>>> print(open('final-v8.txt').read())   # compact mmCIF, C-alpha atoms and all ligand atoms
# COMPACT_ATOMS: atom_id res chain seq x y z
CA MET Z 1 -152.01 272.48 49.28
CA VAL Z 2 -149.24 270.62 51.07
CA SER Z 3 -148.37 267.09 50.11
CA VAL Z 4 -145.57 264.61 50.11
CA LEU Z 5 -144.71 262.47 47.13
CA PRO Z 6 -146.82 259.28 47.05
CA LEU Z 7 -143.96 256.77 47.21
CA GLN Z 8 -146.04 254.10 45.44
CA LEU Z 9 -145.46 256.04 42.21
CA LEU Z 10 -141.73 255.25 42.42
CA PRO Z 11 -140.10 252.15 40.92
CA ASP Z 12 -140.13 248.94 42.98
CA THR Z 13 -136.58 249.22 44.34
CA ALA Z 14 -136.86 252.88 45.37
CA ALA Z 15 -135.36 253.51 48.80
CA VAL Z 16 -135.25 256.76 50.72
CA ASP Z 17 -132.54 257.25 53.38
CA SER Z 18 -133.00 259.15 56.61
CA SER Z 19 -131.94 262.41 54.98
CA GLY Z 20 -134.52 262.01 52.22
CA LYS Z 21 -132.09 260.98 49.48
CA LEU Z 22 -133.59 258.64 46.91
CA SER Z 23 -131.88 255.65 45.41
CA ILE Z 24 -133.20 253.26 42.78
CA GLY Z 25 -131.67 249.86 42.18
CA GLY Z 26 -129.17 250.70 44.89
CA CYS Z 27 -127.94 253.78 42.97
CA ASP Z 28 -128.12 257.23 44.45
CA LEU Z 29 -129.97 259.56 42.06
CA SER Z 30 -127.74 262.57 42.68
CA ALA Z 31 -124.69 260.40 41.93
CA LEU Z 32 -126.35 259.24 38.69
CA ALA Z 33 -127.05 262.84 37.73
CA GLY Z 34 -123.42 263.70 38.46
CA GLU Z 35 -122.08 260.81 36.41
CA PHE Z 36 -124.44 260.88 33.42
CA GLY Z 37 -125.74 264.46 33.43
CA THR Z 38 -129.34 265.65 33.20
CA PRO Z 39 -131.95 265.23 31.87
CA LEU Z 40 -131.57 261.53 32.57
CA PHE Z 41 -133.98 258.60 32.29
CA VAL Z 42 -133.37 256.10 35.10
CA TYR Z 43 -135.01 252.67 34.70
CA ASP Z 44 -135.26 250.14 37.52
CA GLU Z 45 -134.29 246.86 35.85
CA ALA Z 46 -135.81 244.70 38.61
CA HIS Z 47 -139.12 246.54 38.21
CA LEU Z 48 -139.08 245.96 34.43
CA ARG Z 49 -138.36 242.27 34.86
CA SER Z 50 -141.01 241.90 37.53
CA ARG Z 51 -143.72 243.43 35.31
CA CYS Z 52 -142.64 241.25 32.38
CA ARG Z 53 -142.90 238.14 34.59
CA GLU Z 54 -146.33 239.22 35.80
CA ALA Z 55 -147.46 239.60 32.19
CA VAL Z 56 -146.13 236.18 31.19
CA ALA Z 57 -147.90 234.61 34.18
CA ALA Z 58 -151.13 236.53 33.56
CA PHE Z 59 -151.34 235.54 29.89
CA PRO Z 60 -149.96 231.99 29.73
CA ASP Z 61 -150.95 231.62 26.04
CA GLY Z 62 -148.55 234.41 25.11
CA VAL Z 63 -147.99 238.10 25.62
CA ALA Z 64 -146.12 240.76 23.67
CA TYR Z 65 -144.40 243.87 24.97
CA ALA Z 66 -145.60 246.90 22.98
CA THR Z 67 -142.24 248.46 22.11
CA LYS Z 68 -143.77 251.82 21.14
CA ALA Z 69 -143.93 252.57 24.88
CA PHE Z 70 -140.12 252.46 25.19
CA LEU Z 71 -137.60 250.80 22.91
CA CYS Z 72 -133.87 250.46 22.89
CA GLY Z 73 -131.64 247.41 22.49
CA ALA Z 74 -131.51 246.75 26.23
CA MET Z 75 -135.30 246.88 26.58
CA ALA Z 76 -135.85 244.64 23.56
CA ARG Z 77 -133.43 242.08 24.98
CA LEU Z 78 -134.90 242.25 28.47
CA ALA Z 79 -138.46 241.66 27.26
CA HIS Z 80 -137.27 238.80 25.04
CA GLU Z 81 -135.25 237.22 27.85
CA GLU Z 82 -138.34 237.34 30.05
CA GLY Z 83 -140.31 235.38 27.47
CA LEU Z 84 -142.42 238.10 25.86
CA LEU Z 85 -143.03 238.55 22.17
CA LEU Z 86 -142.34 242.05 20.88
CA ASP Z 87 -145.05 244.18 19.28
CA VAL Z 88 -143.37 246.38 16.66
CA ALA Z 89 -145.20 249.00 14.63
CA THR Z 90 -142.68 250.20 12.05
CA GLY Z 91 -139.69 249.00 10.08
CA GLY Z 92 -137.59 251.00 12.53
CA GLU Z 93 -138.88 249.09 15.54
CA ILE Z 94 -138.26 245.81 13.65
CA HIS Z 95 -134.71 246.98 12.93
CA ILE Z 96 -133.93 247.76 16.59
CA ALA Z 97 -135.45 244.48 17.82
CA LEU Z 98 -133.48 242.41 15.30
CA ALA Z 99 -130.28 244.35 15.99
CA ALA Z 100 -130.74 243.56 19.69
CA GLY Z 101 -130.82 239.85 18.82
CA VAL Z 102 -134.55 239.19 19.14
CA PRO Z 103 -135.46 236.40 16.68
CA ALA Z 104 -137.81 237.59 13.93
CA ASP Z 105 -140.35 234.91 14.76
CA ARG Z 106 -140.85 236.59 18.18
CA LEU Z 107 -142.08 239.81 16.53
CA VAL Z 108 -145.70 240.85 16.02
CA PHE Z 109 -145.88 243.50 13.29
CA HIS Z 110 -148.57 246.18 13.68
CA GLY Z 111 -149.42 249.43 11.95
CA ASN Z 112 -152.21 251.00 9.93
CA ASN Z 113 -149.97 251.91 7.00
CA LYS Z 114 -147.19 249.38 6.64
CA SER Z 115 -145.34 250.30 3.48
CA PRO Z 116 -144.53 247.73 0.79
CA SER Z 117 -140.84 247.94 1.78
CA GLU Z 118 -141.61 247.45 5.49
CA LEU Z 119 -143.82 244.47 4.65
CA SER Z 120 -141.22 243.08 2.29
CA ARG Z 121 -138.56 243.17 5.01
CA ALA Z 122 -140.97 241.66 7.53
CA LEU Z 123 -141.68 238.75 5.16
CA GLU Z 124 -138.04 238.23 4.22
CA VAL Z 125 -136.83 238.11 7.84
CA GLY Z 126 -139.82 235.98 8.84
CA VAL Z 127 -141.63 237.99 11.51
CA GLY Z 128 -143.82 235.71 13.61
CA ARG Z 129 -147.14 237.47 13.04
CA ILE Z 130 -148.39 240.32 10.91
CA VAL Z 131 -151.51 242.03 12.20
CA ILE Z 132 -153.31 243.10 9.03
CA ASP Z 133 -154.97 246.47 9.45
CA SER Z 134 -156.63 247.05 6.06
CA MET Z 135 -157.58 245.43 2.76
CA VAL Z 136 -154.87 247.49 1.06
CA GLU Z 137 -152.34 245.80 3.30
CA MET Z 138 -153.78 242.38 2.52
CA ASP Z 139 -153.36 243.13 -1.19
CA ARG Z 140 -149.77 244.27 -0.57
CA ILE Z 141 -148.98 240.95 1.10
CA GLU Z 142 -150.62 239.05 -1.81
CA THR Z 143 -148.45 240.96 -4.27
CA LEU Z 144 -145.23 240.40 -2.33
CA VAL Z 145 -145.89 236.67 -1.91
CA ALA Z 146 -146.80 236.34 -5.59
CA ALA Z 147 -143.40 237.89 -6.34
CA GLY Z 148 -141.65 235.22 -4.28
CA ALA Z 149 -141.65 236.46 -0.68
CA PRO Z 150 -142.33 233.87 2.05
CA SER Z 151 -145.98 233.81 3.14
CA PRO Z 152 -146.69 235.10 6.65
CA THR Z 153 -148.82 234.07 9.60
CA VAL Z 154 -151.41 236.81 10.10
CA LEU Z 155 -154.08 238.13 12.40
CA ILE Z 156 -156.72 240.63 11.34
CA ARG Z 157 -157.17 243.75 13.42
CA ILE Z 158 -160.85 244.40 13.70
CA ASN Z 159 -162.46 247.61 14.82
CA PRO Z 160 -165.43 246.41 16.87
CA GLY Z 161 -166.87 249.92 17.24
CA ILE Z 162 -166.10 250.12 20.93
CA GLU Z 163 -163.54 252.07 22.83
CA ALA Z 164 -162.54 251.76 26.45
CA HIS Z 165 -161.55 254.98 28.14
CA THR Z 166 -160.15 255.78 31.53
CA HIS Z 167 -163.50 255.98 33.21
CA GLU Z 168 -166.01 255.57 30.43
CA TYR Z 169 -166.94 253.10 27.82
CA LEU Z 170 -168.20 254.36 24.52
CA ARG Z 171 -170.10 252.36 21.98
CA THR Z 172 -170.13 255.06 19.39
CA GLY Z 173 -167.38 257.10 17.93
CA ALA Z 174 -164.74 254.41 17.97
CA ALA Z 175 -165.78 253.32 14.51
CA ASP Z 176 -164.36 256.66 13.43
CA SER Z 177 -160.78 255.45 13.70
CA LYS Z 178 -157.89 254.99 11.34
CA PHE Z 179 -157.16 251.58 12.89
CA GLY Z 180 -158.52 248.20 11.98
CA ILE Z 181 -161.20 246.79 9.71
CA THR Z 182 -164.64 247.68 10.95
CA THR Z 183 -167.11 245.02 11.95
CA GLU Z 184 -169.87 247.36 10.81
CA GLY Z 185 -171.57 246.28 7.60
CA GLY Z 186 -169.62 243.02 7.52
CA ALA Z 187 -166.27 244.44 6.34
CA ALA Z 188 -164.30 242.45 8.91
CA GLU Z 189 -166.06 239.19 7.93
CA VAL Z 190 -165.16 239.84 4.30
CA ALA Z 191 -161.52 240.39 5.30
CA VAL Z 192 -161.50 237.12 7.25
CA GLU Z 193 -162.98 235.22 4.29
CA GLN Z 194 -160.47 236.74 1.89
CA ALA Z 195 -157.51 235.91 4.16
CA ARG Z 196 -158.77 232.35 4.63
CA ALA Z 197 -159.17 231.86 0.91
CA SER Z 198 -155.69 233.21 0.20
CA SER Z 199 -152.71 230.93 -0.24
CA ALA Z 200 -150.45 233.94 0.43
CA MET Z 201 -151.07 233.96 4.18
CA ASP Z 202 -152.04 231.78 7.11
CA LEU Z 203 -154.77 233.44 9.16
CA ILE Z 204 -154.57 232.41 12.81
CA GLY Z 205 -156.35 235.10 14.73
CA ILE Z 206 -158.25 238.25 15.42
CA HIS Z 207 -156.86 241.33 17.13
CA ALA Z 208 -158.49 244.37 18.68
CA HIS Z 209 -157.00 247.17 20.78
CA VAL Z 210 -159.76 249.05 22.53
CA GLY Z 211 -158.02 251.92 24.23
CA SER Z 212 -155.12 253.17 26.28
CA GLN Z 213 -154.60 254.17 29.90
CA VAL Z 214 -157.73 252.16 30.83
CA PHE Z 215 -158.28 252.08 34.59
CA ASP Z 216 -161.28 249.82 34.78
CA VAL Z 217 -160.95 246.09 34.10
CA ALA Z 218 -164.72 245.98 33.51
CA SER Z 219 -164.06 247.86 30.26
CA PHE Z 220 -161.83 245.01 29.08
CA GLU Z 221 -164.40 242.45 30.20
CA ARG Z 222 -167.09 244.13 28.14
CA ALA Z 223 -164.73 244.53 25.20
CA ILE Z 224 -163.82 240.86 25.18
CA GLU Z 225 -167.49 239.91 25.08
CA VAL Z 226 -167.96 241.99 21.93
CA ILE Z 227 -164.79 240.69 20.29
CA ALA Z 228 -165.54 237.10 21.26
CA ARG Z 229 -169.04 237.39 19.78
CA PHE Z 230 -167.45 238.38 16.48
CA ALA Z 231 -164.75 235.70 16.66
CA ALA Z 232 -166.90 232.77 17.88
CA PRO Z 233 -168.29 231.60 14.51
CA LEU Z 234 -164.85 231.88 12.92
CA ASP Z 235 -163.26 229.17 15.04
CA ILE Z 236 -159.91 230.94 15.13
CA GLU Z 237 -156.82 229.88 17.12
CA GLU Z 238 -155.82 233.20 18.62
CA LEU Z 239 -157.55 236.24 20.02
CA SER Z 240 -155.45 239.27 21.00
CA ILE Z 241 -156.97 242.00 23.10
CA GLY Z 242 -154.09 244.44 22.53
CA GLY Z 243 -152.74 246.59 25.33
CA GLY Z 244 -154.11 249.57 27.16
CA LEU Z 245 -153.89 248.79 30.87
CA GLY Z 246 -153.59 252.10 32.71
CA VAL Z 247 -151.07 253.15 35.33
CA ALA Z 248 -151.25 255.70 38.14
CA TYR Z 249 -149.32 258.87 37.29
CA VAL Z 250 -150.36 261.21 40.08
CA GLU Z 251 -151.56 261.20 43.66
CA GLY Z 252 -155.04 259.72 44.03
CA GLU Z 253 -154.96 257.53 40.91
CA THR Z 254 -155.07 253.77 41.20
CA ALA Z 255 -154.89 251.21 38.43
CA PRO Z 256 -155.47 247.47 38.23
CA THR Z 257 -152.35 245.32 38.44
CA ILE Z 258 -151.24 243.16 35.52
CA PRO Z 259 -152.41 239.97 37.34
CA GLU Z 260 -155.84 241.57 37.98
CA TRP Z 261 -156.10 242.60 34.33
CA GLY Z 262 -155.08 239.16 33.05
CA LYS Z 263 -157.52 237.37 35.34
CA ALA Z 264 -160.41 239.65 34.37
CA VAL Z 265 -159.72 239.21 30.65
CA ILE Z 266 -159.27 235.45 30.79
CA ASP Z 267 -162.27 234.90 33.08
CA ALA Z 268 -164.43 237.04 30.77
CA ALA Z 269 -163.22 235.07 27.74
CA MET Z 270 -163.92 231.75 29.45
CA ALA Z 271 -167.36 232.97 30.50
CA VAL Z 272 -168.36 233.57 26.90
CA GLY Z 273 -166.88 230.24 25.79
CA VAL Z 274 -163.74 231.41 24.00
CA ARG Z 275 -161.52 228.44 23.18
CA ALA Z 276 -158.85 230.42 21.30
CA ARG Z 277 -155.50 231.36 22.84
CA ILE Z 278 -155.89 234.71 24.62
CA MET Z 279 -152.99 237.06 23.96
CA ALA Z 280 -152.28 240.64 25.06
CA GLU Z 281 -149.83 243.46 24.32
CA PRO Z 282 -149.13 245.72 27.29
CA GLY Z 283 -146.71 248.60 26.84
CA ARG Z 284 -147.28 251.28 29.45
CA ALA Z 285 -148.06 248.82 32.26
CA ILE Z 286 -144.64 247.20 31.81
CA VAL Z 287 -142.45 250.30 31.66
CA ALA Z 288 -144.19 253.47 32.89
CA GLN Z 289 -143.54 253.22 36.63
CA ALA Z 290 -140.14 251.60 36.11
CA ALA Z 291 -138.54 254.95 35.31
CA LEU Z 292 -138.24 258.52 36.37
CA THR Z 293 -136.56 261.50 34.77
CA ILE Z 294 -134.06 263.68 36.61
CA TYR Z 295 -133.68 267.34 35.62
CA THR Z 296 -131.63 270.30 36.85
CA VAL Z 297 -133.42 273.54 37.69
CA GLY Z 298 -132.15 276.36 35.45
CA THR Z 299 -134.37 279.34 36.25
CA ILE Z 300 -137.20 280.21 38.61
CA LYS Z 301 -139.58 282.97 37.58
CA GLU Z 302 -142.29 284.37 39.81
CA VAL Z 303 -145.24 286.04 38.10
CA PRO Z 304 -146.67 287.86 41.13
CA GLY Z 305 -150.18 286.82 41.97
CA ILE Z 306 -150.32 284.33 39.13
CA ARG Z 307 -147.78 281.52 39.31
CA THR Z 308 -144.15 280.43 39.58
CA TYR Z 309 -142.43 278.91 36.58
CA VAL Z 310 -139.60 276.51 37.33
CA SER Z 311 -137.58 275.78 34.17
CA VAL Z 312 -135.51 272.65 33.83
CA ASP Z 313 -132.99 271.45 31.27
CA GLY Z 314 -135.39 269.19 29.33
CA GLY Z 315 -139.01 269.55 28.37
CA MET Z 316 -141.36 268.51 25.59
CA SER Z 317 -138.42 266.94 23.75
CA ASP Z 318 -138.11 264.22 26.43
CA ASN Z 319 -141.74 264.08 27.57
CA PRO Z 320 -144.36 265.40 25.16
CA ARG Z 321 -147.29 263.78 27.02
CA PRO Z 322 -148.33 266.88 29.01
CA VAL Z 323 -148.45 268.86 25.76
CA LEU Z 324 -150.09 266.13 23.68
CA TYR Z 325 -152.65 264.88 26.17
CA GLY Z 326 -152.65 267.38 29.04
CA SER Z 327 -151.25 264.58 31.21
CA GLY Z 328 -150.37 265.25 34.81
CA TYR Z 329 -147.11 264.41 36.62
CA GLU Z 330 -145.83 264.70 40.15
CA VAL Z 331 -142.60 266.60 40.78
CA PHE Z 332 -140.20 266.08 43.69
CA ALA Z 333 -136.67 266.82 44.82
CA PRO Z 334 -134.74 263.52 44.90
CA LEU Z 335 -132.41 264.81 47.63
CA SER Z 336 -135.39 265.49 49.88
CA THR Z 337 -137.87 262.98 48.56
CA THR Z 338 -140.15 262.94 51.56
CA ALA Z 339 -140.10 266.72 52.15
CA GLU Z 340 -143.43 268.51 52.24
CA ARG Z 341 -144.16 270.08 48.89
CA THR Z 342 -145.58 273.46 49.72
CA ARG Z 343 -144.70 275.68 46.79
CA PRO Z 344 -147.14 275.65 43.86
CA ILE Z 345 -145.32 275.80 40.55
CA ARG Z 346 -145.59 275.01 36.87
CA LEU Z 347 -142.66 272.86 35.72
CA VAL Z 348 -141.57 273.91 32.25
CA GLY Z 349 -138.84 272.98 29.82
CA LYS Z 350 -136.31 274.99 27.86
CA HIS Z 351 -138.01 274.94 24.46
CA CYS Z 352 -139.24 277.94 22.50
CA GLU Z 353 -142.88 277.14 23.05
CA SER Z 354 -145.20 278.47 25.74
CA GLY Z 355 -146.85 275.07 25.82
CA ASP Z 356 -143.56 273.39 26.72
CA VAL Z 357 -144.84 272.11 30.04
CA LEU Z 358 -143.77 269.06 32.07
CA ALA Z 359 -146.20 269.50 34.96
CA TRP Z 360 -149.04 271.99 34.68
CA SER Z 361 -149.81 272.23 38.34
CA ALA Z 362 -147.26 270.80 40.75
CA HIS Z 363 -145.89 271.44 44.21
CA ILE Z 364 -142.25 271.31 45.24
CA PRO Z 365 -140.44 271.88 48.54
CA ASP Z 366 -139.94 275.59 49.34
CA ALA Z 367 -136.19 275.17 49.56
CA VAL Z 368 -135.70 274.17 45.90
CA LYS Z 369 -133.40 276.65 44.15
CA VAL Z 370 -131.57 277.10 40.85
CA GLY Z 371 -129.06 274.28 40.35
CA ASP Z 372 -131.04 271.71 42.35
CA LEU Z 373 -132.30 268.42 40.98
CA LEU Z 374 -135.98 267.77 40.41
CA ALA Z 375 -137.50 264.52 39.20
CA THR Z 376 -140.75 263.39 37.62
CA PRO Z 377 -141.82 259.81 38.36
CA VAL Z 378 -143.69 257.43 36.01
CA THR Z 379 -141.91 258.63 32.87
CA GLY Z 380 -140.93 255.19 31.54
CA ALA Z 381 -143.62 255.02 28.83
CA TYR Z 382 -144.09 257.27 25.82
CA GLY Z 383 -141.48 259.77 27.00
CA HIS Z 384 -138.18 258.65 25.58
CA SER Z 385 -139.95 256.93 22.69
CA MET Z 386 -141.95 260.03 21.74
CA GLY Z 387 -139.05 262.41 22.34
CA SER Z 388 -137.70 264.69 19.67
CA ASN Z 389 -134.81 266.94 18.73
CA TYR Z 390 -136.96 270.07 18.83
CA ASN Z 391 -134.69 273.13 19.11
CA MET Z 392 -131.88 270.69 18.29
CA ALA Z 393 -132.13 269.38 21.81
CA ARG Z 394 -129.75 266.50 22.43
CA ARG Z 395 -131.88 263.60 23.53
CA PRO Z 396 -131.15 262.36 27.07
CA ALA Z 397 -129.22 259.30 28.13
CA VAL Z 398 -130.97 256.23 29.54
CA VAL Z 399 -129.52 254.18 32.39
CA PHE Z 400 -130.71 250.83 33.74
CA VAL Z 401 -129.96 250.44 37.44
CA GLU Z 402 -129.78 247.22 39.40
CA GLY Z 403 -127.96 245.93 42.47
CA GLY Z 404 -125.96 249.13 42.91
CA ASN Z 405 -124.81 249.22 39.27
CA ALA Z 406 -125.82 251.74 36.64
CA ARG Z 407 -125.65 250.53 33.05
CA LEU Z 408 -125.70 253.22 30.38
CA VAL Z 409 -127.96 251.71 27.69
CA VAL Z 410 -128.54 254.79 25.51
CA ARG Z 411 -125.91 257.52 25.60
CA ARG Z 412 -126.82 261.18 25.53
CA GLU Z 413 -126.81 262.67 22.03
CA THR Z 414 -123.90 264.91 21.19
CA ASP Z 415 -123.77 268.06 19.09
CA ASP Z 416 -122.12 265.97 16.38
CA ASP Z 417 -125.04 263.52 16.42
CA LEU Z 418 -127.20 266.49 15.43
CA LEU Z 419 -125.09 266.88 12.30
CA THR Z 420 -124.96 263.25 11.16
CA ARG Z 421 -127.84 263.60 8.67
CA ASP Z 422 -127.13 267.18 7.66
CA LEU Z 423 -125.52 267.03 4.24
CA VAL Z 424 -124.40 270.68 4.29
CA ALA Z 425 -123.38 271.65 7.83
CA GLY Z 426 -122.51 268.05 8.64
CA SER Z 427 -120.19 267.36 5.72
CA PRO Z 428 -116.44 267.46 6.35
CA SER Z 429 -114.99 270.86 5.34
C1 LIG Z 501 -152.11 247.73 18.79
C2 LIG Z 501 -151.58 248.20 20.09
N1 LIG Z 501 -151.14 247.29 20.97
C3 LIG Z 501 -150.62 247.67 22.16
C4 LIG Z 501 -150.53 249.00 22.51
C5 LIG Z 501 -149.94 249.36 23.83
O1 LIG Z 501 -150.79 250.10 24.60
P1 LIG Z 501 -150.42 250.46 26.11
O2 LIG Z 501 -149.05 251.04 26.12
O3 LIG Z 501 -151.45 251.45 26.47
O4 LIG Z 501 -150.49 249.18 26.88
C6 LIG Z 501 -151.00 250.00 21.62
C7 LIG Z 501 -150.91 251.42 21.98
O5 LIG Z 501 -151.22 252.32 21.27
C8 LIG Z 501 -151.53 249.58 20.37
O6 LIG Z 501 -151.98 250.47 19.48
>>> encode(input="final-v8.txt", output="structure tokens")
Amino acid sequence: MVSVLPLQLLPDTAAVDSSGKLSIGGCDLSALAGEFGTPLFVYDEAHLRSRCREAVAAFPDGVAYATKAFLCGAMARLAHEEGLLLDVATGGEIHIALAAGVPADRLVFHGNNKSPSELSRALEVGVGRIVIDSMVEMDRIETLVAAGAPSPTVLIRINPGIEAHTHEYLRTGAADSKFGITTEGGAAEVAVEQARASSAMDLIGIHAHVGSQVFDVASFERAIEVIARFAAPLDIEELSIGGGLGVAYVEGETAPTIPEWGKAVIDAAMAVGVRARIMAEPGRAIVAQAALTIYTVGTIKEVPGIRTYVSVDGGMSDNPRPVLYGSGYEVFAPLSTTAERTRPIRLVGKHCESGDVLAWSAHIPDAVKVGDLLATPVTGAYGHSMGSNYNMARRPAVVFVEGGNARLVVRRETDDDLLTRDLVAGSPS
């Protein structure tokens, strides 16, 4: 198979010069690799802002950025500046958002097992909304408020027994989930009644998140009908449909745009007579295509008659998605972006794990050799945020590029960073 990189997978400001060199935000990728080293996450700031603006326009009642997709101080600030709320799912995400200067009342606190100490901090700082995921959590809030904590504004996350997938829509199976309070057997109604009767919280809405990487807006339309049917008799103020809008990762995939998604959801809600505010929480759709990762080729190994392994200086520690989900990625050489990719390879990392794969089945230009740069597009979501220190890998730097300037927003980890929590090897001798 011979193919060239589908340029629509690149960030909005991507530009390729006549020699095939790629720049993003006016910054040449090879120069970025030279200055900041590899592996390197490069985010197109204009692309991020544009997707945030689309989301705000598509959901005029309010929209949150799901920080689990990618979080650092710069991203928290950018989403806040663009008018989004921030969906946070742990005390750690709350901490980063607050440290970045996002006001607590702009945070929406999620999670199926919020600890008493996480909840206590959330109440004390005054997070805007807590999305209650279980009766245990409701009891925890009751206890904290009884002990003097401020009472929160809450939504209840229901599990409506539906799940939207990339190309399918399942009615069964989704009830078997750790998230949310099931509508089956009336458990969700009981939760709503209990929250309403409680003086420890102000219930304003219902939340449901029906899937991730969903390519078909019809799935959201059908989901909203089910959720709206549950919510209608409750006369609530707010209905959040969570996140989940898919993005194209590889050649041949197409996904709805944020405006298309918003219109489908809001039209479907109107059609079934929803009067509540319609909110959403995109993560991936805001950040995934805004970034790519640059690597340096370290070794090339031919296994005659079977395949060629190209090893780069990162791996599952900066992008675990291929290992976790079998996800596919494109691979290209950013110095010859438009070159025909003729050589079939498997792109692998440097970790001590046979499954340490970045692209299971990719093609690269024949001329690529040890020492060259390779890049994987659409790595802005669930790469950096799901990264690890496996093999004591030093996690990569993150740069935001715009108007010819590269802003280092997360520096590369150092060997000393690896020792900061080690109370034996890390203590001064
Ligand atoms: C409650 C909730 N909201 C929003 C999101 C964001 O989803 P996505 O990044 O697919 O838009 C998730 C993802 O797991 C989620 O669980």
>>> axis_aligned_box(input="final-v8.txt", around="ligand LIG 501 (chain Z)", padding_each_side="8 Å", output="JSON")
{"center_x": -150.6, "center_y": 249.8, "center_z": 22.8, "size_x": 19.1, "size_y": 21.0, "size_z": 24.1}
>>> residues_around(input="final-v8.txt", residues="Val210 (chain Z)", least_positions_apart="5", cutoff="9 Å", atoms="all atoms listed in the file", output="JSON, numbers by chain")
{"Z": [159, 160, 161, 162, 163, 164, 165, 174, 219, 220, 223, 241, 242, 243, 244]}
>>> residues_near_ligand(input="final-v8.txt", ligand="ligand LIG 501 (chain Z)", cutoff="7 Å", atoms="only C-alpha atoms and all ligand atoms", output="PyMOL selection string")
chain Z and resi 66+69+110+209+211-213+242-246+281-285
>>> closest_residue(input="final-v8.txt", among="Z:Ala57, Z:Asp139, Z:Pro103, Z:Trp261", to="Glu221 (chain Z)", atoms="only C-alpha atoms")
Z:Trp261
>>> closest_residue(input="final-v8.txt", among="Z:Leu358, Z:Ser385, Z:Ile227, Z:Gln289", to="Val272 (chain Z)", atoms="all atoms listed in the file")
Z:Ile227
>>> residues_near_point(input="final-v8.txt", point="(-132.0, 262.1, 47.5)", cutoff="9 Å", atoms="all atoms listed in the file", output="PyMOL selection string")
chain Z and resi 16-17+19-23+28-30+333-337
>>> write_last_selection(input="final-v8.txt", atoms="C-alpha atoms", output="compact mmCIF listing (two decimals), in the frame of the given file")
# COMPACT_ATOMS: atom_id res chain seq x y z
CA VAL Z 16 -135.25 256.76 50.72
CA ASP Z 17 -132.54 257.25 53.38
CA SER Z 19 -131.94 262.41 54.98
CA GLY Z 20 -134.52 262.01 52.22
CA LYS Z 21 -132.09 260.98 49.48
CA LEU Z 22 -133.59 258.64 46.91
CA SER Z 23 -131.88 255.65 45.41
CA ASP Z 28 -128.12 257.23 44.45
CA LEU Z 29 -129.97 259.56 42.06
CA SER Z 30 -127.74 262.57 42.68
CA ALA Z 333 -136.67 266.82 44.82
CA PRO Z 334 -134.74 263.52 44.90
CA LEU Z 335 -132.41 264.81 47.63
CA SER Z 336 -135.39 265.49 49.88
CA THR Z 337 -137.87 262.98 48.56
